[in-house]
$ cat start_23.cif   # mmCIF, C-alpha atoms
data_run
#
loop_
_atom_site.label_atom_id
_atom_site.label_comp_id
_atom_site.auth_asym_id
_atom_site.auth_seq_id
_atom_site.Cartn_x
_atom_site.Cartn_y
_atom_site.Cartn_z
CA MET V 1 0.00 0.00 0.00
CA ASN V 2 1.48 3.35 -0.96
CA ALA V 3 1.94 6.21 1.49
CA ALA V 4 -0.90 8.35 0.08
CA ALA V 5 -3.38 5.47 0.29
CA THR V 6 -2.27 4.73 3.86
CA VAL V 7 -2.82 8.37 4.88
CA ASP V 8 -6.30 8.40 3.28
CA LEU V 9 -7.22 5.11 4.93
CA ARG V 10 -5.96 6.39 8.29
CA LYS V 11 -8.10 9.54 7.92
CA THR V 12 -11.12 7.38 7.04
CA PHE V 13 -10.48 5.15 10.02
CA LEU V 14 -10.01 8.04 12.45
CA GLY V 15 -13.09 9.80 11.14
CA ASN V 16 -15.18 6.66 11.69
CA ILE V 17 -13.73 6.13 15.17
CA TYR V 18 -14.29 9.76 16.16
CA ALA V 19 -17.93 9.40 15.06
CA ILE V 20 -18.71 6.65 17.59
CA PRO V 21 -19.60 7.60 21.18
CA ASN V 22 -16.37 8.40 23.06
CA GLY V 23 -14.37 7.67 19.91
CA LYS V 24 -12.11 10.70 20.34
CA LYS V 25 -10.87 9.18 23.58
CA ILE V 26 -8.53 7.05 21.48
CA ASN V 27 -6.21 10.07 21.70
CA GLU V 28 -6.23 9.86 25.50
CA CYS V 29 -4.71 6.38 25.76
CA LEU V 30 -2.40 6.22 28.78
CA GLN V 31 -0.59 3.09 27.53
CA CYS V 32 -1.25 1.58 30.96
CA GLY V 33 -1.83 -1.92 29.61
CA THR V 34 -5.15 -2.53 31.39
CA CYS V 35 -6.77 -3.42 28.07
CA SER V 36 -4.07 -5.97 27.26
CA ALA V 37 -4.21 -7.48 30.75
CA SER V 38 -8.00 -7.75 30.50
CA CYS V 39 -8.03 -9.37 27.06
CA PRO V 40 -8.64 -13.14 27.13
CA THR V 41 -7.07 -13.61 23.69
CA SER V 42 -4.10 -11.22 23.85
CA GLU V 43 -1.62 -14.10 24.25
CA ALA V 44 -2.45 -15.31 20.74
CA MET V 45 -2.43 -11.85 19.14
CA GLU V 46 0.49 -10.46 17.15
CA TYR V 47 -0.10 -7.10 18.84
CA SER V 48 -1.73 -6.58 22.22
CA PRO V 49 -4.57 -4.05 22.42
CA ARG V 50 -2.15 -1.50 23.90
CA GLU V 51 0.24 -2.05 20.99
CA ILE V 52 -2.64 -1.56 18.55
CA ILE V 53 -3.26 1.93 19.93
CA ALA V 54 0.47 2.72 19.76
CA ALA V 55 0.67 1.47 16.16
CA LEU V 56 -2.40 3.50 15.18
CA ARG V 57 -0.85 6.61 16.73
CA ALA V 58 2.34 5.93 14.75
CA GLY V 59 0.33 5.71 11.53
CA LEU V 60 0.93 1.98 11.04
CA LEU V 61 -2.67 1.15 10.12
CA ASP V 62 -1.75 -1.24 7.31
CA ARG V 63 0.49 -3.27 9.66
CA VAL V 64 -2.33 -3.52 12.19
CA LEU V 65 -4.85 -4.58 9.54
CA LYS V 66 -2.53 -7.26 8.16
CA SER V 67 -1.98 -8.78 11.60
CA ASN V 68 -4.14 -11.47 13.18
CA THR V 69 -5.02 -9.24 16.13
CA VAL V 70 -8.33 -7.76 15.01
CA TRP V 71 -9.60 -11.20 14.00
CA LEU V 72 -8.81 -12.70 17.39
CA CYS V 73 -10.79 -10.11 19.34
CA ALA V 74 -13.42 -11.98 21.34
CA SER V 75 -15.68 -8.89 21.50
CA CYS V 76 -16.04 -9.42 25.24
CA TYR V 77 -15.71 -5.68 25.98
CA SER V 78 -13.37 -6.34 28.94
CA CYS V 79 -10.86 -3.86 27.50
CA SER V 80 -13.50 -1.16 27.03
CA VAL V 81 -15.07 -1.65 30.44
CA ARG V 82 -11.77 -1.56 32.31
CA CYS V 83 -10.06 1.21 30.35
CA PRO V 84 -9.35 4.14 32.72
CA ALA V 85 -9.48 6.56 29.77
CA GLY V 86 -12.88 5.22 28.62
CA ILE V 87 -11.67 4.19 25.15
CA PRO V 88 -14.28 2.09 23.31
CA PHE V 89 -11.59 -0.35 22.19
CA THR V 90 -13.94 -3.13 21.09
CA ASP V 91 -15.62 -0.66 18.73
CA VAL V 92 -12.16 0.28 17.42
CA MET V 93 -11.56 -3.41 16.69
CA TYR V 94 -14.89 -3.66 14.84
CA GLU V 95 -13.91 -0.69 12.69
CA LEU V 96 -10.53 -2.28 11.97
CA LYS V 97 -12.27 -5.50 10.89
CA ARG V 98 -14.61 -3.56 8.64
CA LEU V 99 -11.76 -1.68 7.01
CA GLY V 100 -9.73 -4.85 6.60
CA VAL V 101 -12.56 -6.53 4.73
CA GLU V 102 -13.45 -3.43 2.70
CA TYR V 103 -9.88 -2.75 1.56
CA GLY V 104 -8.65 -6.34 1.40
CA LEU V 105 -6.04 -5.75 4.09
CA CYS V 106 -6.24 -9.01 5.98
CA PRO V 107 -3.46 -11.36 7.01
CA ASN V 108 -2.42 -13.93 4.42
CA GLY V 109 -4.50 -17.06 4.79
CA ALA V 110 -6.93 -15.37 7.18
CA THR V 111 -10.26 -17.11 6.99
CA ASN V 112 -11.89 -14.92 9.64
CA ALA V 113 -12.53 -12.17 7.09
CA VAL V 114 -14.20 -14.68 4.79
CA MET V 115 -16.40 -15.85 7.66
CA ALA V 116 -17.38 -12.24 8.40
CA GLN V 117 -18.24 -11.58 4.75
CA VAL V 118 -20.30 -14.76 4.40
CA PHE V 119 -22.15 -14.01 7.65
CA VAL V 120 -23.05 -10.50 6.47
CA GLU V 121 -24.22 -11.85 3.11
CA SER V 122 -26.48 -14.37 4.84
CA VAL V 123 -27.99 -11.80 7.19
CA ASP V 124 -28.47 -9.36 4.32
CA ARG V 125 -30.23 -12.01 2.28
CA HIS V 126 -32.48 -13.52 4.97
CA GLY V 127 -32.49 -11.00 7.81
CA ARG V 128 -30.74 -13.58 9.98
CA ASN V 129 -27.99 -16.16 9.66
CA HIS V 130 -28.75 -19.42 7.86
CA GLU V 131 -26.10 -21.83 9.13
CA PRO V 132 -26.07 -24.34 6.25
CA GLU V 133 -25.58 -21.53 3.74
CA LEU V 134 -22.90 -19.95 5.93
CA ILE V 135 -20.89 -23.16 6.26
CA ARG V 136 -21.31 -24.07 2.60
CA LYS V 137 -20.12 -20.68 1.33
CA TYR V 138 -17.34 -20.44 3.91
CA LEU V 139 -15.90 -23.86 3.12
CA LEU V 140 -16.22 -23.41 -0.64
CA ARG V 141 -14.31 -20.11 -0.42
CA THR V 142 -11.63 -21.26 2.02
CA ASN V 143 -11.26 -25.01 1.67
CA PRO V 144 -13.31 -26.70 -1.08
CA LEU V 145 -11.97 -30.14 -0.16
CA GLY V 146 -12.99 -29.48 3.42
CA PHE V 147 -16.51 -28.95 2.15
CA LEU V 148 -16.53 -32.45 0.65
CA ARG V 149 -15.36 -33.90 3.98
CA GLN V 150 -18.30 -32.25 5.75
CA VAL V 151 -21.05 -33.49 3.42
CA ARG V 152 -21.66 -36.70 5.44
CA LEU V 153 -21.98 -34.76 8.68
CA GLY V 154 -24.34 -32.29 7.00
CA LEU V 155 -26.56 -35.09 5.71
CA ARG V 156 -26.72 -36.68 9.19
CA LEU V 157 -27.70 -33.33 10.71
CA LEU V 158 -30.40 -32.87 8.08
CA ARG V 159 -31.81 -36.38 8.65
CA ARG V 160 -32.04 -35.77 12.39
CA GLY V 161 -33.70 -32.40 11.96
CA ARG V 162 -30.75 -30.58 13.55
CA MET V 163 -30.15 -28.33 10.56
CA PRO V 164 -32.83 -26.49 8.61
CA VAL V 165 -33.02 -27.15 4.89
CA TRP V 166 -34.58 -23.82 4.00
CA PRO V 167 -33.65 -20.46 5.49
CA HIS V 168 -36.14 -18.71 7.72
CA LYS V 169 -36.55 -15.20 6.36
CA ILE V 170 -37.58 -12.61 8.92
CA LYS V 171 -40.61 -10.44 8.41
CA GLY V 172 -39.67 -7.04 7.10
CA VAL V 173 -36.30 -8.04 5.61
CA ASP V 174 -36.75 -5.23 3.08
CA VAL V 175 -37.02 -2.73 5.96
CA LEU V 176 -33.83 -4.18 7.45
CA ARG V 177 -32.06 -3.76 4.09
CA LYS V 178 -33.21 -0.14 3.84
CA MET V 179 -32.02 0.52 7.36
CA MET V 180 -28.61 -1.04 6.65
CA ALA V 181 -28.30 0.96 3.41
CA LYS V 182 -29.03 4.16 5.35
CA ILE V 183 -26.39 3.26 7.94
CA GLU V 184 -23.85 2.60 5.18
CA GLU V 185 -24.79 5.87 3.51
CA ASN V 186 -24.36 7.84 6.74
CA SER V 187 -21.05 6.16 7.60
CA ALA V 188 -19.72 7.04 4.14
CA LYS V 189 -20.23 10.76 4.86
#
$ encode --input "start_23.cif" --output "C-alpha cells"
Amino acid sequence: MNAAATVDLRKTFLGNIYAIPNGKKINECLQCGTCSASCPTSEAMEYSPREIIAALRAGLLDRVLKSNTVWLCASCYSCSVRCPAGIPFTDVMYELKRLGVEYGLCPNGATNAVMAQVFVESVDRHGRNHEPELIRKYLLRTNPLGFLRQVRLGLRLLRRGRMPVWPHKIKGVDVLRKMMAKIEENSAK
C-alpha cells in the first residue's frame, strides 16, 4: 500500500472512530496496559490491544490490519469496560475489521474475514444467519476439499432435523435492508 493510500485510509479510520460515542478518547490512551491485561485472547495476538493503539498513533494502520489481532478479538468488551481513559476499544476493533474486509487488508490465509463476509451476506439475504448456507459458502471459499469432507456430517444433521433445509426469512427483511443501506450511507459521509 502506498503512502498516500495509507494516509487516506488512516483519515477514514479516524473519522469513523471519532464518530462513535467516546471515539475521540482514542487520543487519550495512557498506555497503561489494562486493556491488554483484560483481554482473554491477547496471548495469541500479534499485537496486544495497547500495541494496537500505539501502532495507530504511529500511523501503522496497514500493519495492524494485516496482523491477526483484530480477527482474534473476542468482543467481550473487557478492555473497554476496564479502560481508565474510557476508550471504546472493542468498537475500534470492529472498525478495523470492517476496514480490513473493505480494503482487502487481511493477514495472508486469514479465513476470519471470509467468515465475516459470508455471515453478512447471509444476514443481508435472509435477515438472519442461515447456518447451512454460511458453512457451505465459507468452506467453498476457504477449503473446497474441506466442504466435501463435511457433506456426510451435514446429511446426518439434516436427517435428524438438527439443521434447517430452508432459510427462515424474517418479516420485514426489506425494511432491514433499507435501514442497513441508510447506515452505510451515513457512515460514508
$ atom_distance --input "start_23.cif" --atom1 "CA of Phe119 in chain V" --atom2 "CA of Glu185 in chain V"
20.5 Å
$ residues_near_point --input "start_23.cif" --point "(-6.8, 1.3, 30.3)" --cutoff "9 Å" --atoms "all atoms listed in the file" --output "MDAnalysis selection string"
chainID V and resid 29:36 50 79:87
$ closest_residue --input "start_23.cif" --among "V:Cys76, V:Leu176, V:Lys171, V:Leu153" --to "Pro40 in chain V" --atoms "only C-alpha atoms"
V:Cys76
$ atom_distance --input "start_23.cif" --atom1 "CA of Cys39 in chain V" --atom2 "CA of Ala74 in chain V"
8.3 Å
$ residues_around --input "start_23.cif" --residues "Cys73 in chain V" --least-positions-apart "5" --cutoff "9 Å" --atoms "all atoms listed in the file" --output "PyMOL selection string"
chain V and resi 39-42+45+90+93-94
$ write_last_selection --input "start_23.cif" --atoms "C-alpha atoms" --output "PDB file, in the frame of the given file"
ATOM      1  CA  CYS V  39      -8.030  -9.370  27.060  1.00  0.00           C
ATOM      2  CA  PRO V  40      -8.640 -13.140  27.130  1.00  0.00           C
ATOM      3  CA  THR V  41      -7.070 -13.610  23.690  1.00  0.00           C
ATOM      4  CA  SER V  42      -4.100 -11.220  23.850  1.00  0.00           C
ATOM      5  CA  MET V  45      -2.430 -11.850  19.140  1.00  0.00           C
ATOM      6  CA  THR V  90     -13.940  -3.130  21.090  1.00  0.00           C
ATOM      7  CA  MET V  93     -11.560  -3.410  16.690  1.00  0.00           C
ATOM      8  CA  TYR V  94     -14.890  -3.660  14.840  1.00  0.00           C
TER       9      TYR V  94
END
$ decode --input "start_23.cif" --residues "range 129-166 of chain V" --atoms "N, CA, C and O atoms" --output "tab-separated table (two decimals), in the first residue's frame"
chain	number	residue	atom	x	y	z
V	129	ASN	N	-28.97	-15.20	10.17
V	129	ASN	CA	-27.99	-16.16	9.66
V	129	ASN	C	-28.65	-17.50	9.36
V	129	ASN	O	-29.46	-17.99	10.14
V	130	HIS	N	-28.31	-18.07	8.23
V	130	HIS	CA	-28.75	-19.42	7.86
V	130	HIS	C	-27.50	-20.29	7.85
V	130	HIS	O	-26.68	-20.21	6.93
V	131	GLU	N	-27.34	-21.09	8.90
V	131	GLU	CA	-26.10	-21.83	9.13
V	131	GLU	C	-25.65	-22.71	7.97
V	131	GLU	O	-24.48	-22.71	7.62
V	132	PRO	N	-26.54	-23.50	7.36
V	132	PRO	CA	-26.07	-24.34	6.25
V	132	PRO	C	-25.48	-23.51	5.10
V	132	PRO	O	-24.46	-23.88	4.53
V	133	GLU	N	-26.10	-22.41	4.79
V	133	GLU	CA	-25.58	-21.53	3.74
V	133	GLU	C	-24.23	-20.95	4.16
V	133	GLU	O	-23.30	-20.89	3.36
V	134	LEU	N	-24.14	-20.51	5.42
V	134	LEU	CA	-22.90	-19.95	5.93
V	134	LEU	C	-21.75	-20.93	5.82
V	134	LEU	O	-20.69	-20.62	5.27
V	135	ILE	N	-21.95	-22.15	6.30
V	135	ILE	CA	-20.89	-23.16	6.26
V	135	ILE	C	-20.55	-23.54	4.83
V	135	ILE	O	-19.38	-23.66	4.47
V	136	ARG	N	-21.56	-23.71	3.99
V	136	ARG	CA	-21.31	-24.07	2.60
V	136	ARG	C	-20.45	-23.02	1.90
V	136	ARG	O	-19.41	-23.31	1.30
V	137	LYS	N	-20.86	-21.75	1.99
V	137	LYS	CA	-20.12	-20.68	1.33
V	137	LYS	C	-18.72	-20.52	1.92
V	137	LYS	O	-17.76	-20.30	1.20
V	138	TYR	N	-18.64	-20.60	3.24
V	138	TYR	CA	-17.34	-20.44	3.91
V	138	TYR	C	-16.37	-21.53	3.46
V	138	TYR	O	-15.23	-21.23	3.07
V	139	LEU	N	-16.80	-22.77	3.51
V	139	LEU	CA	-15.90	-23.86	3.12
V	139	LEU	C	-15.56	-23.82	1.63
V	139	LEU	O	-14.42	-24.10	1.25
V	140	LEU	N	-16.51	-23.48	0.79
V	140	LEU	CA	-16.22	-23.41	-0.64
V	140	LEU	C	-15.22	-22.30	-0.96
V	140	LEU	O	-14.42	-22.43	-1.88
V	141	ARG	N	-15.24	-21.21	-0.18
V	141	ARG	CA	-14.31	-20.11	-0.42
V	141	ARG	C	-12.94	-20.34	0.22
V	141	ARG	O	-11.95	-19.79	-0.25
V	142	THR	N	-12.90	-21.10	1.30
V	142	THR	CA	-11.63	-21.26	2.02
V	142	THR	C	-10.98	-22.62	1.83
V	142	THR	O	-9.76	-22.72	1.85
V	143	ASN	N	-11.80	-23.66	1.72
V	143	ASN	CA	-11.26	-25.01	1.67
V	143	ASN	C	-12.27	-25.93	0.97
V	143	ASN	O	-12.99	-26.68	1.63
V	144	PRO	N	-12.30	-25.90	-0.36
V	144	PRO	CA	-13.31	-26.70	-1.08
V	144	PRO	C	-13.24	-28.19	-0.76
V	144	PRO	O	-14.29	-28.84	-0.68
V	145	LEU	N	-12.06	-28.72	-0.53
V	145	LEU	CA	-11.97	-30.14	-0.16
V	145	LEU	C	-12.54	-30.38	1.23
V	145	LEU	O	-13.11	-31.43	1.50
V	146	GLY	N	-12.39	-29.40	2.09
V	146	GLY	CA	-12.99	-29.48	3.42
V	146	GLY	C	-14.50	-29.56	3.34
V	146	GLY	O	-15.15	-30.22	4.16
V	147	PHE	N	-15.07	-28.89	2.35
V	147	PHE	CA	-16.51	-28.95	2.15
V	147	PHE	C	-16.93	-30.39	1.86
V	147	PHE	O	-17.90	-30.89	2.43
V	148	LEU	N	-16.20	-31.07	0.99
V	148	LEU	CA	-16.53	-32.45	0.65
V	148	LEU	C	-16.46	-33.36	1.87
V	148	LEU	O	-17.26	-34.28	2.02
V	149	ARG	N	-15.50	-33.09	2.76
V	149	ARG	CA	-15.36	-33.90	3.98
V	149	ARG	C	-16.52	-33.68	4.95
V	149	ARG	O	-16.78	-34.52	5.80
V	150	GLN	N	-17.21	-32.55	4.83
V	150	GLN	CA	-18.30	-32.25	5.75
V	150	GLN	C	-19.67	-32.66	5.24
V	150	GLN	O	-20.66	-32.56	5.96
V	151	VAL	N	-19.75	-33.14	4.01
V	151	VAL	CA	-21.05	-33.49	3.42
V	151	VAL	C	-21.75	-34.57	4.24
V	151	VAL	O	-22.96	-34.47	4.52
V	152	ARG	N	-21.03	-35.62	4.65
V	152	ARG	CA	-21.66	-36.70	5.44
V	152	ARG	C	-22.25	-36.17	6.74
V	152	ARG	O	-23.37	-36.52	7.12
V	153	LEU	N	-21.49	-35.34	7.42
V	153	LEU	CA	-21.98	-34.76	8.68
V	153	LEU	C	-23.23	-33.92	8.41
V	153	LEU	O	-24.21	-34.00	9.14
V	154	GLY	N	-23.19	-33.11	7.35
V	154	GLY	CA	-24.34	-32.29	7.00
V	154	GLY	C	-25.58	-33.12	6.73
V	154	GLY	O	-26.69	-32.77	7.17
V	155	LEU	N	-25.42	-34.22	6.01
V	155	LEU	CA	-26.56	-35.09	5.71
V	155	LEU	C	-27.12	-35.72	6.99
V	155	LEU	O	-28.34	-35.84	7.15
V	156	ARG	N	-26.25	-36.12	7.90
V	156	ARG	CA	-26.72	-36.68	9.19
V	156	ARG	C	-27.50	-35.62	9.97
V	156	ARG	O	-28.54	-35.93	10.58
V	157	LEU	N	-27.00	-34.40	10.00
V	157	LEU	CA	-27.70	-33.33	10.71
V	157	LEU	C	-29.06	-33.05	10.09
V	157	LEU	O	-30.05	-32.84	10.80
V	158	LEU	N	-29.13	-33.07	8.77
V	158	LEU	CA	-30.40	-32.87	8.08
V	158	LEU	C	-31.39	-33.98	8.41
V	158	LEU	O	-32.57	-33.72	8.71
V	159	ARG	N	-30.93	-35.24	8.36
V	159	ARG	CA	-31.81	-36.38	8.65
V	159	ARG	C	-32.38	-36.31	10.06
V	159	ARG	O	-33.52	-36.69	10.30
V	160	ARG	N	-31.59	-35.84	10.99
V	160	ARG	CA	-32.04	-35.77	12.39
V	160	ARG	C	-32.78	-34.48	12.72
V	160	ARG	O	-33.15	-34.25	13.87
V	161	GLY	N	-32.96	-33.64	11.74
V	161	GLY	CA	-33.70	-32.40	11.96
V	161	GLY	C	-32.91	-31.36	12.75
V	161	GLY	O	-33.48	-30.45	13.32
V	162	ARG	N	-31.60	-31.49	12.79
V	162	ARG	CA	-30.75	-30.58	13.55
V	162	ARG	C	-30.27	-29.39	12.73
V	162	ARG	O	-29.61	-28.50	13.24
V	163	MET	N	-30.57	-29.42	11.43
V	163	MET	CA	-30.15	-28.33	10.56
V	163	MET	C	-31.29	-28.05	9.57
V	163	MET	O	-31.77	-28.96	8.91
V	164	PRO	N	-31.71	-26.80	9.51
V	164	PRO	CA	-32.83	-26.49	8.61
V	164	PRO	C	-32.41	-26.56	7.15
V	164	PRO	O	-31.30	-26.18	6.79
V	165	VAL	N	-33.29	-27.08	6.32
V	165	VAL	CA	-33.02	-27.15	4.89
V	165	VAL	C	-33.18	-25.77	4.26
V	165	VAL	O	-32.32	-25.32	3.52
V	166	TRP	N	-34.27	-25.11	4.59
V	166	TRP	CA	-34.58	-23.82	4.00
V	166	TRP	C	-34.35	-22.72	5.02
V	166	TRP	O	-34.65	-22.88	6.20
